[in-house]
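Q: Input structure: query-v1.cif, which contains mmCIF, C-alpha atoms.
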```cif
data_target
loop_
_atom_site.group_PDB
_atom_site.id
_atom_site.type_symbol
_atom_site.label_atom_id
_atom_site.label_comp_id
_atom_site.auth_asym_id
_atom_site.auth_seq_id
_atom_site.Cartn_x
_atom_site.Cartn_y
_atom_site.Cartn_z
ATOM 1 C CA MET Z 1 15.417 20.422 -7.425
ATOM 2 C CA PRO Z 2 17.147 20.429 -10.787
ATOM 3 C CA LEU Z 3 14.826 19.760 -13.698
ATOM 4 C CA ARG Z 4 16.745 16.693 -14.923
ATOM 5 C CA LEU Z 5 16.532 14.989 -11.541
ATOM 6 C CA SER Z 6 12.828 15.751 -11.360
ATOM 7 C CA LEU Z 7 12.261 14.199 -14.788
ATOM 8 C CA ARG Z 8 14.221 11.075 -13.877
ATOM 9 C CA LEU Z 9 12.319 10.680 -10.622
ATOM 10 C CA ASN Z 10 9.024 11.012 -12.501
ATOM 11 C CA GLU Z 11 10.120 8.277 -14.921
ATOM 12 C CA ALA Z 12 10.984 5.982 -12.003
ATOM 13 C CA GLN Z 13 7.716 6.662 -10.185
ATOM 14 C CA PRO Z 14 5.810 3.546 -11.368
ATOM 15 C CA TYR Z 15 8.738 1.321 -10.371
ATOM 16 C CA ALA Z 16 9.104 2.956 -6.952
ATOM 17 C CA LEU Z 17 5.374 2.490 -6.422
ATOM 18 C CA GLY Z 18 5.668 -1.158 -7.472
ATOM 19 C CA LEU Z 19 8.488 -1.703 -4.980
ATOM 20 C CA TYR Z 20 6.475 0.053 -2.252
ATOM 21 C CA ARG Z 21 3.443 -2.144 -3.050
ATOM 22 C CA PHE Z 22 5.552 -5.303 -2.907
ATOM 23 C CA ALA Z 23 7.231 -4.404 0.401
ATOM 24 C CA ILE Z 24 4.015 -3.359 2.168
ATOM 25 C CA GLY Z 25 2.146 -6.410 0.893
ATOM 26 C CA LEU Z 26 4.910 -8.817 1.868
ATOM 27 C CA ILE Z 27 5.251 -7.421 5.389
ATOM 28 C CA PHE Z 28 1.462 -7.581 5.836
ATOM 29 C CA ALA Z 29 1.311 -11.171 4.548
ATOM 30 C CA LEU Z 30 4.141 -12.228 6.864
ATOM 31 C CA HIS Z 31 2.318 -10.655 9.800
ATOM 32 C CA GLY Z 32 -0.794 -12.657 8.918
ATOM 33 C CA ALA Z 33 1.220 -15.879 8.504
ATOM 34 C CA SER Z 34 2.846 -15.390 11.898
ATOM 35 C CA THR Z 35 -0.572 -15.170 13.543
ATOM 36 C CA LEU Z 36 -2.220 -17.968 11.551
ATOM 37 C CA PHE Z 37 0.580 -20.508 11.761
ATOM 38 C CA GLY Z 38 2.739 -19.361 14.678
ATOM 39 C CA VAL Z 39 5.787 -18.849 12.449
ATOM 40 C CA PHE Z 40 8.325 -15.985 12.368
ATOM 41 C CA GLY Z 41 8.078 -15.511 16.126
ATOM 42 C CA GLY Z 42 4.309 -15.102 16.162
ATOM 43 C CA ARG Z 43 1.734 -16.675 18.389
ATOM 44 C CA GLU Z 44 -0.778 -18.908 16.613
ATOM 45 C CA ALA Z 45 -4.370 -17.711 16.904
ATOM 46 C CA GLU Z 46 -7.111 -20.192 17.687
ATOM 47 C CA ALA Z 47 -8.747 -21.269 14.414
ATOM 48 C CA GLY Z 48 -11.991 -19.405 13.813
ATOM 49 C CA ALA Z 49 -11.554 -17.056 16.786
ATOM 50 C CA TRP Z 50 -13.053 -13.602 16.238
ATOM 51 C CA PRO Z 51 -11.483 -11.244 15.345
ATOM 52 C CA GLY Z 52 -7.843 -12.377 15.536
ATOM 53 C CA TRP Z 53 -7.946 -15.417 13.294
ATOM 54 C CA TYR Z 54 -10.054 -13.676 10.629
ATOM 55 C CA ALA Z 55 -7.830 -10.596 10.743
ATOM 56 C CA ALA Z 56 -4.784 -12.800 10.222
ATOM 57 C CA LEU Z 57 -6.459 -14.513 7.272
ATOM 58 C CA ILE Z 58 -7.214 -11.111 5.701
ATOM 59 C CA GLN Z 59 -3.618 -10.059 6.327
ATOM 60 C CA LEU Z 60 -2.174 -13.160 4.696
ATOM 61 C CA VAL Z 61 -4.449 -13.195 1.645
ATOM 62 C CA CYS Z 62 -4.649 -9.449 1.000
ATOM 63 C CA GLY Z 63 -0.950 -8.988 1.720
ATOM 64 C CA ALA Z 64 -0.034 -11.697 -0.799
ATOM 65 C CA LEU Z 65 -2.392 -10.240 -3.425
ATOM 66 C CA VAL Z 66 -1.000 -6.736 -2.934
ATOM 67 C CA ALA Z 67 2.598 -7.986 -3.032
ATOM 68 C CA LEU Z 68 1.914 -9.759 -6.326
ATOM 69 C CA GLY Z 69 -0.070 -6.861 -7.718
ATOM 70 C CA LEU Z 70 -3.146 -9.025 -8.308
ATOM 71 C CA GLY Z 71 -6.411 -7.209 -7.632
ATOM 72 C CA THR Z 72 -4.341 -4.602 -5.838
ATOM 73 C CA ARG Z 73 -6.982 -1.921 -5.356
ATOM 74 C CA ALA Z 74 -9.639 -4.294 -3.992
ATOM 75 C CA ALA Z 75 -7.193 -6.162 -1.755
ATOM 76 C CA ALA Z 76 -5.704 -2.890 -0.482
ATOM 77 C CA PHE Z 77 -9.200 -1.549 0.247
ATOM 78 C CA LEU Z 78 -10.047 -4.621 2.331
ATOM 79 C CA ALA Z 79 -6.665 -4.512 4.082
ATOM 80 C CA SER Z 80 -7.020 -0.799 4.856
ATOM 81 C CA GLY Z 81 -10.501 -1.330 6.259
ATOM 82 C CA SER Z 82 -9.387 -4.227 8.423
ATOM 83 C CA MET Z 83 -6.593 -2.104 9.882
ATOM 84 C CA ALA Z 84 -8.978 0.798 10.528
ATOM 85 C CA TYR Z 85 -11.284 -1.654 12.314
ATOM 86 C CA ALA Z 86 -8.352 -3.002 14.344
ATOM 87 C CA TYR Z 87 -7.256 0.486 15.299
ATOM 88 C CA PHE Z 88 -10.653 1.777 16.364
ATOM 89 C CA THR Z 89 -11.846 -1.351 18.179
ATOM 90 C CA VAL Z 90 -8.625 -2.625 19.765
ATOM 91 C CA HIS Z 91 -6.268 0.334 20.176
ATOM 92 C CA GLN Z 92 -8.175 3.614 20.187
ATOM 93 C CA PRO Z 93 -10.376 2.811 23.234
ATOM 94 C CA GLN Z 94 -7.174 2.628 25.321
ATOM 95 C CA ALA Z 95 -5.930 6.103 24.325
ATOM 96 C CA LEU Z 96 -6.361 8.576 21.493
ATOM 97 C CA MET Z 97 -2.879 8.650 19.957
ATOM 98 C CA PRO Z 98 -1.256 5.604 18.299
ATOM 99 C CA THR Z 99 1.950 6.144 20.273
ATOM 100 C CA GLU Z 100 -0.038 5.858 23.506
ATOM 101 C CA ASN Z 101 -2.239 2.889 22.578
ATOM 102 C CA GLY Z 102 0.186 0.629 20.656
ATOM 103 C CA GLY Z 103 -1.689 1.097 17.390
ATOM 104 C CA GLU Z 104 1.146 2.470 15.250
ATOM 105 C CA ALA Z 105 1.294 -0.586 12.984
ATOM 106 C CA SER Z 106 -2.474 -0.620 12.468
ATOM 107 C CA ALA Z 107 -2.553 3.093 11.657
ATOM 108 C CA ILE Z 108 0.428 2.950 9.300
ATOM 109 C CA PHE Z 109 -0.873 -0.135 7.460
ATOM 110 C CA CYS Z 110 -4.315 1.482 7.159
ATOM 111 C CA TRP Z 111 -2.906 4.598 5.478
ATOM 112 C CA ALA Z 112 -0.356 2.662 3.398
ATOM 113 C CA PHE Z 113 -3.058 0.469 1.897
ATOM 114 C CA LEU Z 114 -5.432 3.374 1.405
ATOM 115 C CA LEU Z 115 -2.737 5.056 -0.680
ATOM 116 C CA LEU Z 116 -2.541 1.957 -2.889
ATOM 117 C CA VAL Z 117 -6.316 2.047 -3.394
ATOM 118 C CA PHE Z 118 -5.899 5.432 -5.097
ATOM 119 C CA THR Z 119 -2.535 4.970 -6.841
ATOM 120 C CA GLY Z 120 -2.942 1.420 -8.101
ATOM 121 C CA PRO Z 121 -0.186 -1.170 -8.216
ATOM 122 C CA GLY Z 122 2.555 0.663 -10.092
ATOM 123 C CA ALA Z 123 4.931 -1.225 -12.361
ATOM 124 C CA LEU Z 124 5.625 -4.945 -12.438
ATOM 125 C CA ALA Z 125 2.235 -6.050 -11.133
ATOM 126 C CA VAL Z 126 0.673 -9.369 -12.144
ATOM 127 C CA ASP Z 127 -2.477 -7.430 -13.127
ATOM 128 C CA ARG Z 128 -0.518 -5.839 -15.954
ATOM 129 C CA PHE Z 129 -0.125 -9.223 -17.652
ATOM 130 C CA PHE Z 130 -3.898 -9.821 -17.804
ATOM 131 C CA GLY Z 131 -6.489 -7.828 -19.675
ATOM 132 C CA GLY Z 132 -4.052 -5.999 -21.916
ATOM 133 C CA ARG Z 133 -3.496 -3.132 -19.486
ATOM 134 C CA LYS Z 134 -0.528 -0.960 -20.261
ATOM 135 C CA GLU Z 135 1.857 0.710 -17.882
ATOM 136 C CA HIS Z 136 0.626 4.085 -16.804
ATOM 137 C CA ALA Z 137 2.729 7.142 -17.403
ATOM 138 C CA PRO Z 138 3.699 9.134 -14.323
ATOM 139 C CA VAL Z 139 0.848 11.292 -13.116
ATOM 140 C CA GLU Z 140 2.675 14.547 -13.525
ATOM 141 C CA THR Z 141 5.650 15.088 -15.784
ATOM 142 C CA ALA Z 142 7.760 18.190 -15.439
ATOM 143 C CA ARG Z 143 8.306 19.967 -18.734
ATOM 144 C CA HIS Z 144 10.990 22.335 -19.729
ATOM 145 C CA GLU Z 145 9.518 25.126 -21.786
ATOM 146 C CA GLU Z 146 11.344 28.029 -23.267
ATOM 147 C CA PRO Z 147 10.286 31.365 -21.857
ATOM 148 C CA ARG Z 148 7.819 33.173 -24.070
ATOM 149 C CA THR Z 149 8.470 36.652 -25.250
ATOM 150 C CA VAL Z 150 5.702 39.046 -25.985
ATOM 151 C CA SER Z 151 6.142 41.499 -28.828
ATOM 152 C CA VAL Z 152 4.418 44.805 -28.654
#
```
Translate the structure of the given file into structure tokens.
A:
Amino acid sequence: MPLRLSLRLNEAQPYALGLYRFAIGLIFALHGASTLFGVFGGREAEAGAWPGWYAALIQLVCGALVALGLGTRAAAFLASGSMAYAYFTVHQPQALMPTENGGEASAIFCWAFLLLVFTGPGALAVDRFFGGRKEHAPVETARHEEPRTVSV
């Protein structure tokens, strides 16, 4: 990859991560809303029913928090754990692989949120407006250095 393109991609990294965070959080929140309220083609869960209603509540709240970038790491940790629980208690007993047991969404959400636990919210998160936190520089920046010559 040309060096210039690599540098530009590194500069855009926090914004790409922020967009990723927003999209994943929004989709998760919409999934929770569809189960809690029966909207967007979903089937409404019985209020207080374990584990469906509580899972939907976690999806709605954590998804909204992640989408906004408010308490992202904590909300993503809870969301990731809830999806791991869903996968291993609902899907995995039916078959080992997600493609065989219908657990693709649970597995993908689990890993997507776990990534956000470690990367943080990226750019344009509500958290950035509180506590005086500054935007983080990209983790790794490619540098162009002139080749060194050794004199003997």
Q: If we count all atoms listed in the file and set the cut-off at 10 Å, which residues sit around region 12-24 of chain Z, ignoring sequence neighbours fewer than 2 positions away in its own chain? Please answer as a ChimeraX atom specification.
A: /Z:6-10,26-29,63-69,72,76,109,112-113,115-116,119-125,135-140
Q: For region 31-38 of chain Z, list every protein, DNA or RNA residue within 10 Å, evaluated using all atoms listed in the file, and leave out those in the same chain fewer than 3 positions away; present the list as a PyMOL selection string.
A: chain Z and resi 25-28+41-47+52-64
Q: Could you jot down the CA of Gly81 (chain Z) to CA of Trp50 (chain Z) separation for me, Å, one decimal place?
A: 16.0 Å
Q: Using all atoms listed in the file, which of Z:Pro51, Z:Gly102, Z:Ala79, Z:Gly71 sits nearest Leu114 (chain Z)?
A: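 Looking only at the distances to Leu114 (chain Z), the closest residue turns out to be Z:Ala79.
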Q: Given the file shown, determine the residues that the PyMOL selection byres ((chain Z and resi 84) around 12) selects; report them as a list in words.
A: Ala55, Phe77, Leu78, Ala79, Ser80, Gly81, Ser82, Met83, Tyr85, Ala86, Tyr87, Phe88, Thr89, Val90, His91, Gln92, Pro98, Gly103, Glu104, Ala105, Ser106, Ala107, Ile108, Phe109, Cys110, Trp111, Ala112, Phe113 and Leu114 of chain Z
Q: Please determine an axis-aligned box that encloses all atoms of region 111-127 of chain Z listed in the file, with 3 Å added on each side, and express its centre and edge lengths in Å to one decimal as JSON.
A:
```
{"center_x": -0.3, "center_y": -2.0, "center_z": -3.8, "size_x": 17.9, "size_y": 20.8, "size_z": 24.6}
```
Q: Can you work out the spacing between CA of Leu30 (chain Z) and CA of Glu100 (chain Z) in Å, to one decimal?
A: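 Answer for the CA of Leu30 (chain Z) to CA of Glu100 (chain Z) separation: 24.9 Å.
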Q: What is the CA of Thr99 (chain Z) to CA of Arg73 (chain Z) distance in Å?
A: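 Value for the CA of Thr99 (chain Z)-CA of Arg73 (chain Z) distance: 28.3 Å.
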